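Visitor: One structure coming up, written as C-alpha cells, with questions to follow.
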Amino acid sequence: MIVSTQKPFEQILSALEGGERIFIIGCAKCASVCKAGGEEEVFRMQDALAAAGKEVTGTIVIDETCHMLRTARDLRSRKEQVDEADFLLVLSCGAGIQSVAEHSDKKVIAGTDSKFLGNIKRFGQFEQRCSLCGDCRLNDTAGICPVTVCAKGLVNGPCGGMEDGRCEVDAEQTCAWVAIYERLDRQGRLEALDKTTALRDFSHKRHPNNLRLDK
Amino acid sequence: MLSSLARKISQSNFVITAEVAPPKGSGIDGLLKAAAFVAPHVDAVNVTDNQGATMRMSALAAAAVLVREGIEPVLQLTCRDRNRLALQSDLLGAAALGIRNVLALTGDAIGCGDHRQGKAVFDLDSVSLLRTIKAMNSGHDLNGTPLEAATAFYYGAAAAPEVEPFAVTLPKLAQKAEAGAGFFQTQAVFSPEKLAAFCEAVSPSGVTVIAGILVLRSAKMAEFINRNIPGLRVPETIVERLRSADDPAAEGISIAADMAARARSICGGIHIMSMGRDHVVPEIALAAS
C-alpha cells in the first residue's frame with residue numbers, strides 16, 4: 001500500500017487561503033489504512049475546517065482515488081457540492097490527488113504527503129521493504145531488498161558504517177547486509193555473495209512511467 | 001608511471017600515509033601548509049572527499065593542488081555525491097592532473113552532514129567504483145567504450161578490521177580484491193590481535209593492508225567520535241585510558257604510537273588519522289619506522 005501522512009493542519013489551512021467553501025475527498029484504500037484520509041479523518045477534517053470558519057460543501061470517500069475513471073464518476077455524482085466549492089481538499093496519496101485534478105479545473109489542495117510503498121507490520125505500523133526500482137534482485141539477496149532496506153541502497157555488501165550489525169543511518173535498524181548474510185547462512189548458500197552483481201540499472205526508474213498491457 | 005606509493009608497496013616496503021581535508025572555502029593556504037608539514041613524514045597524503053557528508057572544496061581540486069606542489073596524493077572518491085558519468089569524468093580529469101592513487105569509498109550517509117536535505121546519489125557503490133577504475137585502467141569506460149587514452153591508477157578500498165560481525169564484511173572485501181584493489185586503508189584499529197586476524201583473513205587476496213591509526217586527544221574527543229563519526233569506533237578500554245590519564249593528549253599519542261609500532265610487524269603500512277592535528281603525524285610516523 002501507499003503510506004501517506006496528513007500535512008499539519010496549519011499548512012492545510014494556509015493552502016486553503018482564499019477559498020471559503022471546501023469539498024473534501026478521502027480514499028477508502030491506502031489513505032484509510034494509514035489514517036491519513038479515510039472516513040474518520042475526513043469527518044475530523046470537516047469539523048476542524050468548520051471550526052476554522054470554512055464552509056464544507058460536502059465530503060466523499062472514494063474507493064481507490066487512484067482509479068481515475070471511478071474518481072471522475074464519483075465526483076460527478078456529487079457535482080453540485082463540487083461545483084459549489086472554491087477548492088477541493090484531497091486526503092489521499094499523490095496519485096489520488098492527481099486523479100481529482102485530472103477531473104476538475106478547480107484548485108485542488110493536497111492534504112497529505114505520500115511517503116512510501118509500505119508493508120503493514122501491524123495495526124498502525126508500516127515499513128518500507130520495496131522501492132519499486134523496476135529491477136528486482138530479491139532472487140539474489142535472500143528475499144531481502146538491499147536497494148530499499150540498506151539506507152544507501154548498496155548492492156555489494158555493507159558499508160563501513162555498519163556496527164554491531166546495526167545501520168550507520170539508524171542504529172535501531174539491523175544492517176540490511178547482516179540480515180541478508182544471516183538468512184543466506186541459514187539457507188546454506190553464502191556462496192551467493194561471491195557472485196559479481198550487476199550494476200544498478202536506473203533506466204527502469206525513469207518517469208513518468210506507464211504500463212499498457214495491450215502493448 | 002607508477003605512483004611512489006605503488007612502487008613502495010610492490011617492493012614490499014612498509015608505507016605510511018596521512019590525510020588532509022580540503023578547506024571549507026576557496027583559499028588553499030591552510031591545505032598547503034598542512035600537506036607540506038606532513039608530506040616529509042609519509043609516502044602519500046590522502047585527500048578526503050566531503051567527509052562526514054560535509055561540503056568542502058572538491059577533493060579532486062585539492063589533490064591536484066598537492067600534485068602541483070610535488071606532494072603525492074591519494075584521491076578519495078565517494079559514490080555519495082556523483083553518478084557514474086561524473087565519477088568517470090572526474091577520474092579522467094584526475095589522471096590528466098597527475099593524480100595516480102585513488103581510494104574508492106561508498107561515502108558517509110548524507111544525513112550525518114551539513115546538507116541533510118540533499119540527494120544522496122549511490123548510483124555506484126565502492127565495489128562497482130573499483131570495477132570502473134579497473135575498466136578505465138584497461139582502456140575502456142564502464143560501458144565498454146574505448147577511451148582515447150587509458151588511465152593508470154593505483155587504487156584501493158576501505159576495510160573495517162574491528163567491525164562486528166566481521167564475517168559479513170568478507171565477501172565484499174573479496175569483491176574489492178577481485179576488482180583490483182591494491183591496498184586496504186582500514187578504519188581505526190586499536191587491537192594488534194584483531195589487525196593480525198584481519199590480515200590473515202584477507203591475505204589470500206594479496207591486497208596490502210594499511211592499518212588506520214587514530215590519534216586521540218582526550219576521552220571527550222573519543223566519545224564525540226563514537227557518537228558522530230560513522231565507521232570510527234574507539235573501544236571503551238581506550239576511552240578509559242584517556243579518561244584516567246594525567247596528560248590525555250600525550251596518552252593519545254602514546255596509544256597511537258604503540259599501535260603504529262605493532263602494526264609494522266603485522267601489516268604493510270599505516271594510515272595516520274590525525275583529525276586535523278597534523279603536528280602529531282611525525283611522532284606516529286617515527287614510531288612505525
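In the C-alpha cells, the first chain shown is A, the next is B, and so on; residue numbers restart at 1 for each chain, and ligands run from 1 in the order shown.
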Could you list the residues in chain A lying within 7 Å of chain B, using only C-alpha atoms, and format the result as a PDB file with N, CA, C and O atoms, in the first residue's frame?
Guide:
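Contents of the output file result-v7.pdb:
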ATOM      1  N   LYS A 152      21.679   3.178   2.019  1.00  0.00           N
ATOM      2  CA  LYS A 152      22.406   3.709   0.869  1.00  0.00           C
ATOM      3  C   LYS A 152      22.078   2.931  -0.410  1.00  0.00           C
ATOM      4  O   LYS A 152      22.635   3.226  -1.464  1.00  0.00           O
ATOM      5  N   LEU A 154      22.930  -0.079  -1.210  1.00  0.00           N
ATOM      6  CA  LEU A 154      24.145  -0.745  -1.709  1.00  0.00           C
ATOM      7  C   LEU A 154      23.860  -2.193  -2.089  1.00  0.00           C
ATOM      8  O   LEU A 154      23.206  -2.917  -1.345  1.00  0.00           O
ATOM      9  N   ASN A 156      26.342  -4.531  -2.982  1.00  0.00           N
ATOM     10  CA  ASN A 156      27.515  -5.415  -2.900  1.00  0.00           C
ATOM     11  C   ASN A 156      27.988  -5.679  -1.476  1.00  0.00           C
ATOM     12  O   ASN A 156      29.146  -5.998  -1.263  1.00  0.00           O
ATOM     13  N   GLY A 157      27.126  -5.511  -0.509  1.00  0.00           N
ATOM     14  CA  GLY A 157      27.566  -5.750   0.865  1.00  0.00           C
ATOM     15  C   GLY A 157      27.500  -4.486   1.702  1.00  0.00           C
ATOM     16  O   GLY A 157      27.210  -3.399   1.188  1.00  0.00           O
ATOM     17  N   PRO A 158      27.800  -4.631   2.992  1.00  0.00           N
ATOM     18  CA  PRO A 158      27.609  -3.499   3.912  1.00  0.00           C
ATOM     19  C   PRO A 158      28.628  -2.381   3.686  1.00  0.00           C
ATOM     20  O   PRO A 158      29.726  -2.639   3.204  1.00  0.00           O
ATOM     21  N   CYS A 159      28.280  -1.179   4.068  1.00  0.00           N
ATOM     22  CA  CYS A 159      29.231  -0.070   4.010  1.00  0.00           C
ATOM     23  C   CYS A 159      30.074  -0.079   5.281  1.00  0.00           C
ATOM     24  O   CYS A 159      29.865  -0.893   6.181  1.00  0.00           O
ATOM     25  N   GLY A 160      31.002   0.846   5.354  1.00  0.00           N
ATOM     26  CA  GLY A 160      31.899   0.900   6.504  1.00  0.00           C
ATOM     27  C   GLY A 160      31.231   1.414   7.767  1.00  0.00           C
ATOM     28  O   GLY A 160      31.842   1.448   8.825  1.00  0.00           O
ATOM     29  N   GLY A 161      29.983   1.802   7.653  1.00  0.00           N
ATOM     30  CA  GLY A 161      29.309   2.366   8.819  1.00  0.00           C
ATOM     31  C   GLY A 161      28.559   1.337   9.652  1.00  0.00           C
ATOM     32  O   GLY A 161      28.050   1.648  10.721  1.00  0.00           O
ATOM     33  N   MET A 162      28.511   0.082   9.144  1.00  0.00           N
ATOM     34  CA  MET A 162      27.830  -0.969   9.912  1.00  0.00           C
ATOM     35  C   MET A 162      28.573  -1.195  11.228  1.00  0.00           C
ATOM     36  O   MET A 162      29.794  -1.213  11.256  1.00  0.00           O
ATOM     37  N   GLU A 163      27.817  -1.353  12.305  1.00  0.00           N
ATOM     38  CA  GLU A 163      28.469  -1.544  13.596  1.00  0.00           C
ATOM     39  C   GLU A 163      27.604  -2.435  14.472  1.00  0.00           C
ATOM     40  O   GLU A 163      26.413  -2.160  14.635  1.00  0.00           O
ATOM     41  N   ASP A 164      28.188  -3.455  15.004  1.00  0.00           N
ATOM     42  CA  ASP A 164      27.446  -4.424  15.802  1.00  0.00           C
ATOM     43  C   ASP A 164      26.191  -4.875  15.064  1.00  0.00           C
ATOM     44  O   ASP A 164      25.125  -5.067  15.670  1.00  0.00           O
ATOM     45  N   GLY A 165      26.308  -4.980  13.765  1.00  0.00           N
ATOM     46  CA  GLY A 165      25.188  -5.443  12.954  1.00  0.00           C
ATOM     47  C   GLY A 165      24.112  -4.400  12.722  1.00  0.00           C
ATOM     48  O   GLY A 165      23.078  -4.692  12.132  1.00  0.00           O
ATOM     49  N   GLU A 168      24.396   2.406   9.999  1.00  0.00           N
ATOM     50  CA  GLU A 168      25.016   3.705  10.307  1.00  0.00           C
ATOM     51  C   GLU A 168      23.970   4.815  10.404  1.00  0.00           C
ATOM     52  O   GLU A 168      24.098   5.734  11.205  1.00  0.00           O
ATOM     53  N   VAL A 169      22.953   4.711   9.575  1.00  0.00           N
ATOM     54  CA  VAL A 169      21.981   5.795   9.493  1.00  0.00           C
ATOM     55  C   VAL A 169      20.970   5.732  10.645  1.00  0.00           C
ATOM     56  O   VAL A 169      20.548   6.754  11.168  1.00  0.00           O
ATOM     57  N   VAL A 178      23.627  -7.516   6.941  1.00  0.00           N
ATOM     58  CA  VAL A 178      23.735  -8.500   8.021  1.00  0.00           C
ATOM     59  C   VAL A 178      22.531  -9.436   7.938  1.00  0.00           C
ATOM     60  O   VAL A 178      22.658 -10.662   8.022  1.00  0.00           O
ATOM     61  N   TYR A 181      23.038 -11.710   4.947  1.00  0.00           N
ATOM     62  CA  TYR A 181      24.090 -12.694   5.235  1.00  0.00           C
ATOM     63  C   TYR A 181      23.540 -13.798   6.131  1.00  0.00           C
ATOM     64  O   TYR A 181      23.727 -14.989   5.864  1.00  0.00           O
ATOM     65  N   LEU A 193      26.932 -14.735  -2.214  1.00  0.00           N
ATOM     66  CA  LEU A 193      27.577 -13.426  -2.029  1.00  0.00           C
ATOM     67  C   LEU A 193      28.882 -13.302  -2.822  1.00  0.00           C
ATOM     68  O   LEU A 193      29.461 -12.225  -2.890  1.00  0.00           O
ATOM     69  N   ASP A 194      29.345 -14.408  -3.391  1.00  0.00           N
ATOM     70  CA  ASP A 194      30.585 -14.350  -4.172  1.00  0.00           C
ATOM     71  C   ASP A 194      30.325 -13.927  -5.614  1.00  0.00           C
ATOM     72  O   ASP A 194      31.252 -13.630  -6.360  1.00  0.00           O
ATOM     73  N   LEU A 199      25.446  -3.957 -12.162  1.00  0.00           N
ATOM     74  CA  LEU A 199      25.291  -2.560 -11.757  1.00  0.00           C
ATOM     75  C   LEU A 199      23.807  -2.253 -11.634  1.00  0.00           C
ATOM     76  O   LEU A 199      22.980  -2.875 -12.304  1.00  0.00           O
ATOM     77  N   ARG A 200      23.476  -1.298 -10.790  1.00  0.00           N
ATOM     78  CA  ARG A 200      22.081  -0.889 -10.737  1.00  0.00           C
ATOM     79  C   ARG A 200      21.700  -0.266 -12.080  1.00  0.00           C
ATOM     80  O   ARG A 200      22.495   0.417 -12.710  1.00  0.00           O
TER      81      ARG A 200
END
Visitor: Please provide as an MDAnalysis selection string all residues within 7 Å of His271 of chain B, with the sequence filter that same-chain residues fewer than 5 positions apart are discarded (counting only C-alpha atoms).
Guide: chainID B and resid 16:18 185 210:213
Visitor: Show me a table, sorted first by chain and then by increasing residue number, of the residues of segment 87-150 of chain A having an atom at most 9 Å from segment 31-34 of chain A, each with its shortest atom pair and the distance in Å to one decimal, counting only C-alpha atoms and written as JSON lines.
Guide:
{"residue": "A:Leu91", "atom": "CA", "partner": "A:Ala31", "partner_atom": "CA", "distance": 7.2}
{"residue": "A:Ser92", "atom": "CA", "partner": "A:Ala31", "partner_atom": "CA", "distance": 5.3}
{"residue": "A:Cys93", "atom": "CA", "partner": "A:Ala31", "partner_atom": "CA", "distance": 6.6}
{"residue": "A:Phe123", "atom": "CA", "partner": "A:Val33", "partner_atom": "CA", "distance": 8.6}
{"residue": "A:Gly124", "atom": "CA", "partner": "A:Cys34", "partner_atom": "CA", "distance": 6.5}
{"residue": "A:Gln125", "atom": "CA", "partner": "A:Cys34", "partner_atom": "CA", "distance": 8.4}
{"residue": "A:Phe126", "atom": "CA", "partner": "A:Cys34", "partner_atom": "CA", "distance": 8.2}
Visitor: Which one is closest to Ala260 of chain B: B:Leu31, B:Asn101, B:Phe14, B:Ala61? Count only C-alpha atoms.
Guide: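 Between B:Leu31, B:Asn101, B:Phe14, B:Ala61, the residue approaching Ala260 of chain B most closely is B:Phe14.
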Visitor: So which residues touch segment 37-54 of chain B within 9 Å, counting only C-alpha atoms, skipping near sequence neighbours fewer than 4 positions away, as an MDAnalysis selection string?
Guide: chainID B and resid 4:5 8 15:22 24 32:33 58:60 62:63 66 71:78 80:81 101:103 107:116 228:230 271 278:279 281:282 285:286
Visitor: Near Asn139 of chain A, within 12 Å and counting only C-alpha atoms, which residues show up once chain neighbours fewer than 5 positions away are dropped, as a ChimeraX atom specification?
Guide: /A:144-146,180,184,192-193,197
Visitor: Find the spatial neighbours of Lys220 of chain B, counting only C-alpha atoms, within a cut-off of 9 Å - ignore same-chain residues fewer than 2 positions away - and output them as a PDB file with C-alpha atoms, in the first residue's frame.
Guide:
ATOM      1  CA  ARG B 217      43.446  13.906  22.220  1.00  0.00           C
ATOM      2  CA  SER B 218      41.038  13.207  25.051  1.00  0.00           C
ATOM      3  CA  ALA B 222      36.817   9.734  21.647  1.00  0.00           C
ATOM      4  CA  GLU B 223      33.242   9.985  22.881  1.00  0.00           C
ATOM      5  CA  PHE B 224      32.451  12.590  20.242  1.00  0.00           C
ATOM      6  CA  ILE B 225      33.863  10.312  17.542  1.00  0.00           C
ATOM      7  CA  VAL B 239      38.411   5.821  26.298  1.00  0.00           C
ATOM      8  CA  LEU B 242      42.393   8.606  28.143  1.00  0.00           C
ATOM      9  CA  ARG B 243      39.969   9.455  30.923  1.00  0.00           C
TER      10      ARG B 243
END
Visitor: In Å, with one decimal, what is the gap from atom CA of Gly70 of chain B to atom CA of Tyr154 of chain B?
Guide: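 Computing the Euclidean distance for atom CA of Gly70 of chain B and atom CA of Tyr154 of chain B yields 17.6 Å.
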Visitor: Between A:Ser114, A:Ser104, A:Thr57, A:Ser77, which has the minimum distance to Met1 of chain A (counting only C-alpha atoms)?
Guide: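 Comparing A:Ser114, A:Ser104, A:Thr57, A:Ser77 against Met1 of chain A, the winner is A:Ser114.
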Visitor: Counting only C-alpha atoms, what are the residues of segment 110-154 of chain A within 9 Å of segment 11-17 of chain A, and for each of them which pair of atoms is the nearest and at what distance in Å, to one decimal? Sort the table by chain and rising number, as JSON lines.
Guide:
{"residue": "A:Ala110", "atom": "CA", "partner": "A:Ile12", "partner_atom": "CA", "distance": 7.9}
{"residue": "A:Gly111", "atom": "CA", "partner": "A:Ile12", "partner_atom": "CA", "distance": 6.0}
{"residue": "A:Thr112", "atom": "CA", "partner": "A:Ile12", "partner_atom": "CA", "distance": 8.8}
Visitor: Output as a PyMOL selection string all residues of segment 134-172 of chain A that backbone DSSP marks as alpha helix (DSSP H).
Guide: chain A and resi 146-149
